[in-house]
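Single-structure report; data block below.
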Amino acid sequence: SSIGPLSSKKQEEDQAVAANDTDVLNARLKSLINSSDVMLFMKGNPATPRCGFSRQAIELLSEANIMYGTFDILSDEDVRQGLKKYSDWPTYPQLYVKGDLIGGLDIMKEMAEDGDFAGQLGVEAGNTAEVANVQAKSLDDRLKELIGKERVMLFMKGLPSAPRCGFSRQIVEILNKHDASFEAFDILADEEVRQGLKKYSDWPTYPQLYVEGDLIGGLDIVKEMDEGGDLEDLLKG
């Protein structure tokens, strides 16, 4: 006869965990939405849009010389599904201005056709060079933030649990051999980061290992350090 109350208690606990998860996700969504005055949630990134609607949305913003931030919803399934509920808007792209949902591509098109797209959004248009500089700067800021996310940061193809190339697999094996605590970023999930980091670090290939924000190098250098006994000290700080 005690099964009922126990089962009910378990349900309450599960509901509490789910509610907490939702609160955490919603706080993250709110932070993302407000990370730029004009924020576009899209498939892909400005350099490589992954659907026609997202490409057209980027073109509209660029033609109007509007400075904007973007988030690739294909890189994060929690954000992709969560934002639909949060904003009560079922499709992508989604445009936000100063934290408020404007809508999708159809609404953006209507506003652009009416003229003074930036004015209707309540933002100032920059000149073309200014917008290009800000977009480049925002990528550098993002790369710097990613590199500094953890003390030991690995940019690789795939994830540690499922590497997508032999070099990435080998470097993960070396780090795991030393029980290193590290964070990994899958460069195959974000073309903007993949291309941008090569220029930022002046290093043309992957994987790339960073410690305390400094580039250590790729697989060959990490192998040499491992064989020479220097890697363990570096990883443990």
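Labels for the structure tokens follow display order: chains A, B, ..., residues from 1 in each chain, ligands from 1.
Every protein or nucleic acid residue with an atom no more than 12 Å from Lys198 in chain A, counting only C-alpha atoms and leaving out same-chain residues fewer than 4 positions away, appears here: Asp140, Leu143, Phe155, Ile187, Glu191, Glu192, Val193, Arg194, Asp202, Trp203, Pro204, Thr205, Tyr206, Pro207, Gln208, Leu215, Gly217 and Gly218 of chain A.
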File dump, residues just selected, N, CA, C and O atoms, as a compact mmCIF listing (two decimals), in the first residue's frame:
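Produced file again_10.txt, reproduced below:
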```
# COMPACT_ATOMS: atom_id res chain seq x y z
N ASP A 140 36.18 37.72 -33.15
CA ASP A 140 37.40 37.66 -32.32
C ASP A 140 37.05 37.55 -30.84
O ASP A 140 37.67 36.78 -30.09
N LEU A 143 35.89 34.02 -30.16
CA LEU A 143 37.02 33.07 -30.14
C LEU A 143 37.79 33.20 -28.84
O LEU A 143 38.15 32.19 -28.22
N PHE A 155 40.25 22.35 -29.46
CA PHE A 155 39.41 22.54 -30.64
C PHE A 155 39.70 21.36 -31.58
O PHE A 155 40.85 21.18 -32.01
N ILE A 187 34.76 21.83 -34.05
CA ILE A 187 34.84 22.86 -35.09
C ILE A 187 34.00 22.50 -36.31
O ILE A 187 33.69 23.36 -37.14
N GLU A 191 31.24 26.58 -38.72
CA GLU A 191 32.18 26.95 -39.78
C GLU A 191 32.86 28.29 -39.50
O GLU A 191 34.03 28.50 -39.84
N GLU A 192 32.13 29.20 -38.86
CA GLU A 192 32.68 30.52 -38.54
C GLU A 192 33.87 30.38 -37.59
O GLU A 192 34.92 30.99 -37.79
N VAL A 193 33.70 29.56 -36.55
CA VAL A 193 34.80 29.31 -35.60
C VAL A 193 35.93 28.55 -36.30
O VAL A 193 37.11 28.87 -36.14
N ARG A 194 35.57 27.56 -37.10
CA ARG A 194 36.57 26.72 -37.79
C ARG A 194 37.52 27.58 -38.64
O ARG A 194 38.74 27.41 -38.59
N ASP A 202 46.78 31.91 -36.11
CA ASP A 202 47.81 31.73 -37.14
C ASP A 202 48.28 30.27 -37.16
O ASP A 202 49.48 29.99 -37.20
N TRP A 203 47.31 29.38 -37.09
CA TRP A 203 47.62 27.95 -37.08
C TRP A 203 46.60 27.28 -38.02
O TRP A 203 45.41 27.31 -37.76
N PRO A 204 47.07 26.66 -39.12
CA PRO A 204 46.15 26.31 -40.21
C PRO A 204 45.36 25.00 -40.06
O PRO A 204 44.48 24.73 -40.86
N THR A 205 45.72 24.18 -39.06
CA THR A 205 45.10 22.84 -38.99
C THR A 205 44.48 22.58 -37.62
O THR A 205 44.68 23.33 -36.66
N TYR A 206 43.75 21.47 -37.57
CA TYR A 206 43.14 20.99 -36.32
C TYR A 206 43.57 19.55 -36.08
O TYR A 206 43.88 18.84 -37.04
N PRO A 207 43.63 19.15 -34.79
CA PRO A 207 43.20 19.84 -33.56
C PRO A 207 44.18 20.95 -33.13
O PRO A 207 45.32 20.97 -33.56
N GLN A 208 43.66 21.84 -32.26
CA GLN A 208 44.47 22.87 -31.63
C GLN A 208 44.24 22.80 -30.11
O GLN A 208 43.10 22.79 -29.67
N LEU A 215 48.05 29.17 -27.15
CA LEU A 215 48.10 28.04 -28.07
C LEU A 215 49.35 27.21 -27.80
O LEU A 215 50.46 27.73 -27.79
N GLY A 217 49.67 24.07 -29.55
CA GLY A 217 49.93 23.56 -30.90
C GLY A 217 48.97 22.44 -31.26
O GLY A 217 47.91 22.28 -30.64
N GLY A 218 49.39 21.66 -32.26
CA GLY A 218 48.57 20.54 -32.73
C GLY A 218 49.09 19.21 -32.22
O GLY A 218 49.87 19.16 -31.26
```
Write out as a list in words each polymer residue whose atoms come within 8 Å of range 95-101 of chain A, counting only C-alpha atoms; drop sequence neighbours fewer than 4 positions from it.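 Within the cut-off, the hits are Lys30, Ile33, Asn34, Ser36, Asp37, Val38, Met39, Leu40, Phe41, Ser87 and Leu121 of chain A.
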Output of the above residues as an mmCIF file, in the first residue's frame, restricted to N, CA and C atoms:
```
data_model
loop_
_atom_site.group_PDB
_atom_site.id
_atom_site.type_symbol
_atom_site.label_atom_id
_atom_site.label_comp_id
_atom_site.auth_asym_id
_atom_site.auth_seq_id
_atom_site.Cartn_x
_atom_site.Cartn_y
_atom_site.Cartn_z
ATOM 1 N N LYS A 30 17.405 33.710 -22.334
ATOM 2 C CA LYS A 30 17.281 35.156 -22.102
ATOM 3 C C LYS A 30 18.633 35.845 -22.286
ATOM 4 N N ILE A 33 19.442 35.897 -26.069
ATOM 5 C CA ILE A 33 18.579 36.863 -26.765
ATOM 6 C C ILE A 33 19.085 38.288 -26.560
ATOM 7 N N ASN A 34 19.626 38.536 -25.355
ATOM 8 C CA ASN A 34 20.090 39.890 -25.019
ATOM 9 C C ASN A 34 21.590 40.087 -25.243
ATOM 10 N N SER A 36 23.103 40.640 -27.941
ATOM 11 C CA SER A 36 23.332 41.693 -28.928
ATOM 12 C C SER A 36 22.024 42.451 -29.093
ATOM 13 N N ASP A 37 22.098 43.764 -29.376
ATOM 14 C CA ASP A 37 20.860 44.548 -29.568
ATOM 15 C C ASP A 37 19.976 43.924 -30.636
ATOM 16 N N VAL A 38 20.602 43.490 -31.738
ATOM 17 C CA VAL A 38 19.887 42.784 -32.805
ATOM 18 C C VAL A 38 20.454 41.373 -32.859
ATOM 19 N N MET A 39 19.600 40.391 -32.602
ATOM 20 C CA MET A 39 20.064 39.005 -32.453
ATOM 21 C C MET A 39 19.247 38.090 -33.357
ATOM 22 N N LEU A 40 19.940 37.352 -34.218
ATOM 23 C CA LEU A 40 19.284 36.436 -35.151
ATOM 24 C C LEU A 40 19.621 34.997 -34.783
ATOM 25 N N PHE A 41 18.604 34.207 -34.519
ATOM 26 C CA PHE A 41 18.761 32.767 -34.306
ATOM 27 C C PHE A 41 18.485 32.099 -35.651
ATOM 28 N N SER A 87 9.581 31.511 -26.948
ATOM 29 C CA SER A 87 9.083 32.641 -27.736
ATOM 30 C C SER A 87 7.718 32.363 -28.350
ATOM 31 N N LEU A 121 13.195 48.911 -36.805
ATOM 32 C CA LEU A 121 13.653 48.055 -35.702
ATOM 33 C C LEU A 121 14.081 48.869 -34.485
#
```
Every residue of range 77-176 of chain A that DSSP places in strand (DSSP E or B), as a list in words: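 Taking range 77-176 of chain A and keeping strand (DSSP E or B) gives Gln94, Leu95, Tyr96, Val97, Asp100, Leu101, Ile102, Gly103, Val152, Met153, Leu154, Phe155, Met156, Gly158, Leu159, Ala162 and Pro163 of chain A.
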Set the distance at 10 Å and use only C-alpha atoms: which residues neighbour Gln120 in chain A once local chain neighbours fewer than 6 positions away are removed? I'd like the list as a PyMOL selection string. chain A and resi 111-112+114
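Shell of Gly115 in chain A at 12 Å, with only C-alpha atoms counted and residues fewer than 6 places along the chain excluded, is Leu60, Glu63, Ala64, Met108, Lys109 and Leu121 of chain A.
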Based on the backbone DSSP call, show me all residues of range 6-211 of chain A assigned alpha helix (DSSP H), as a PyMOL selection string. chain A and resi 6-33+52-63+77-87+105-114+117-121+128-147+166-177+191-201
Would you pick out the contacts of Glu173 in chain A at 12 Å or less, using only C-alpha atoms, so that residues sharing its chain but fewer than 4 positions from it are not included, and give the list as a list in words? Pro160, Ser161, Ala162, Pro163, Gly166, Phe167, Ser168, Arg169, Lys177, His178, Asp179, Ala180, Leu219, Val222, Lys223 and Asp226 of chain A
I need the chosen residues saved as a PDB file, in the first residue's frame, with N, CA, C and O atoms.
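Once everything was written out, this is selection_24.pdb:
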```pdb
ATOM      1  N   PRO A 160      35.119  14.474 -27.801  1.00  0.00           N
ATOM      2  CA  PRO A 160      35.995  13.466 -27.187  1.00  0.00           C
ATOM      3  C   PRO A 160      35.393  12.060 -27.204  1.00  0.00           C
ATOM      4  O   PRO A 160      36.102  11.076 -27.385  1.00  0.00           O
ATOM      5  N   SER A 161      34.065  11.987 -27.044  1.00  0.00           N
ATOM      6  CA  SER A 161      33.396  10.679 -27.036  1.00  0.00           C
ATOM      7  C   SER A 161      33.219  10.109 -28.442  1.00  0.00           C
ATOM      8  O   SER A 161      33.012   8.918 -28.620  1.00  0.00           O
ATOM      9  N   ALA A 162      33.330  10.989 -29.459  1.00  0.00           N
ATOM     10  CA  ALA A 162      33.154  10.545 -30.847  1.00  0.00           C
ATOM     11  C   ALA A 162      33.989  11.427 -31.781  1.00  0.00           C
ATOM     12  O   ALA A 162      33.449  12.260 -32.506  1.00  0.00           O
ATOM     13  N   PRO A 163      35.334  11.255 -31.762  1.00  0.00           N
ATOM     14  CA  PRO A 163      36.190  12.061 -32.642  1.00  0.00           C
ATOM     15  C   PRO A 163      35.876  11.768 -34.111  1.00  0.00           C
ATOM     16  O   PRO A 163      35.542  10.640 -34.462  1.00  0.00           O
ATOM     17  N   GLY A 166      41.347  11.025 -37.209  1.00  0.00           N
ATOM     18  CA  GLY A 166      42.367  10.288 -36.464  1.00  0.00           C
ATOM     19  C   GLY A 166      43.234  11.160 -35.592  1.00  0.00           C
ATOM     20  O   GLY A 166      43.606  10.789 -34.477  1.00  0.00           O
ATOM     21  N   PHE A 167      43.584  12.370 -36.082  1.00  0.00           N
ATOM     22  CA  PHE A 167      44.431  13.279 -35.303  1.00  0.00           C
ATOM     23  C   PHE A 167      43.715  13.709 -34.020  1.00  0.00           C
ATOM     24  O   PHE A 167      44.307  13.774 -32.947  1.00  0.00           O
ATOM     25  N   SER A 168      42.408  14.028 -34.164  1.00  0.00           N
ATOM     26  CA  SER A 168      41.628  14.432 -32.990  1.00  0.00           C
ATOM     27  C   SER A 168      41.512  13.271 -32.003  1.00  0.00           C
ATOM     28  O   SER A 168      41.618  13.460 -30.788  1.00  0.00           O
ATOM     29  N   ARG A 169      41.314  12.062 -32.528  1.00  0.00           N
ATOM     30  CA  ARG A 169      41.200  10.886 -31.656  1.00  0.00           C
ATOM     31  C   ARG A 169      42.493  10.699 -30.865  1.00  0.00           C
ATOM     32  O   ARG A 169      42.479  10.454 -29.655  1.00  0.00           O
ATOM     33  N   LYS A 177      45.010   9.933 -21.166  1.00  0.00           N
ATOM     34  CA  LYS A 177      46.088   9.149 -20.526  1.00  0.00           C
ATOM     35  C   LYS A 177      46.631   9.881 -19.298  1.00  0.00           C
ATOM     36  O   LYS A 177      47.011   9.266 -18.305  1.00  0.00           O
ATOM     37  N   HIS A 178      46.616  11.207 -19.377  1.00  0.00           N
ATOM     38  CA  HIS A 178      47.113  12.024 -18.256  1.00  0.00           C
ATOM     39  C   HIS A 178      45.988  12.451 -17.306  1.00  0.00           C
ATOM     40  O   HIS A 178      46.215  13.278 -16.418  1.00  0.00           O
ATOM     41  N   ASP A 179      44.783  11.878 -17.518  1.00  0.00           N
ATOM     42  CA  ASP A 179      43.613  12.265 -16.696  1.00  0.00           C
ATOM     43  C   ASP A 179      43.418  13.774 -16.696  1.00  0.00           C
ATOM     44  O   ASP A 179      43.071  14.372 -15.671  1.00  0.00           O
ATOM     45  N   ALA A 180      43.651  14.392 -17.842  1.00  0.00           N
ATOM     46  CA  ALA A 180      43.534  15.858 -17.937  1.00  0.00           C
ATOM     47  C   ALA A 180      42.073  16.278 -17.912  1.00  0.00           C
ATOM     48  O   ALA A 180      41.218  15.645 -18.523  1.00  0.00           O
ATOM     49  N   LEU A 219      48.689  18.146 -32.894  1.00  0.00           N
ATOM     50  CA  LEU A 219      49.014  16.795 -32.428  1.00  0.00           C
ATOM     51  C   LEU A 219      50.515  16.554 -32.357  1.00  0.00           C
ATOM     52  O   LEU A 219      51.002  15.984 -31.369  1.00  0.00           O
ATOM     53  N   VAL A 222      52.027  18.231 -29.291  1.00  0.00           N
ATOM     54  CA  VAL A 222      51.535  17.578 -28.069  1.00  0.00           C
ATOM     55  C   VAL A 222      52.211  16.208 -27.892  1.00  0.00           C
ATOM     56  O   VAL A 222      52.602  15.833 -26.786  1.00  0.00           O
ATOM     57  N   LYS A 223      52.383  15.485 -29.002  1.00  0.00           N
ATOM     58  CA  LYS A 223      53.085  14.180 -28.946  1.00  0.00           C
ATOM     59  C   LYS A 223      54.524  14.357 -28.475  1.00  0.00           C
ATOM     60  O   LYS A 223      55.013  13.605 -27.630  1.00  0.00           O
ATOM     61  N   ASP A 226      54.616  15.141 -24.856  1.00  0.00           N
ATOM     62  CA  ASP A 226      54.269  13.935 -24.090  1.00  0.00           C
ATOM     63  C   ASP A 226      55.493  13.022 -23.985  1.00  0.00           C
ATOM     64  O   ASP A 226      55.834  12.534 -22.898  1.00  0.00           O
TER      65      ASP A 226
END
```
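The two atoms in question, CA of Arg50 in chain A and CA of Ala118 in chain A, are spaced 24.6 Å apart.
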Determine the nearest neighbour of Leu139 in chain A from the options A:Ile174, A:Ile221, A:Ala47, A:Leu29, counting only C-alpha atoms.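 Going through A:Ile174, A:Ile221, A:Ala47, A:Leu29 one by one, the smallest distance to Leu139 in chain A is for A:Ala47.
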For each of A:Pro93, A:Glu212, A:Gly122, A:Leu197, take the minimum atom-to-atom distance to Phe71 in chain A, counting only C-alpha atoms, then give the residue where this is smallest.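 Closest residue, counting only C-alpha atoms: A:Pro93.
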Between A:Gly103, A:Gly69, A:Pro90, A:Gly228, which has the minimum distance to Arg142 in chain A (counting only C-alpha atoms)? A:Gly69
Do you have the CA of Phe117 in chain A-CA of Leu83 in chain A distance handy?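 Separation between CA of Phe117 in chain A and CA of Leu83 in chain A: 24.3 Å.
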Which residue, A:Asp220, A:Glu232, A:Asp214, A:Glu183, has the smallest gap to Lys144 in chain A when you use only C-alpha atoms? A:Asp214
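Residue nearest Leu175 in chain A, chosen from A:Lys43, A:Lys85, A:Arg55, A:Lys236 and counting only C-alpha atoms: A:Lys236.
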Which residue is closest to Glu145 in chain A? Choose from A:Asp88, A:Arg164, A:Glu113, A:Gly213 and count only C-alpha atoms.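 That would be A:Gly213, the residue with the smallest distance to Glu145 in chain A.
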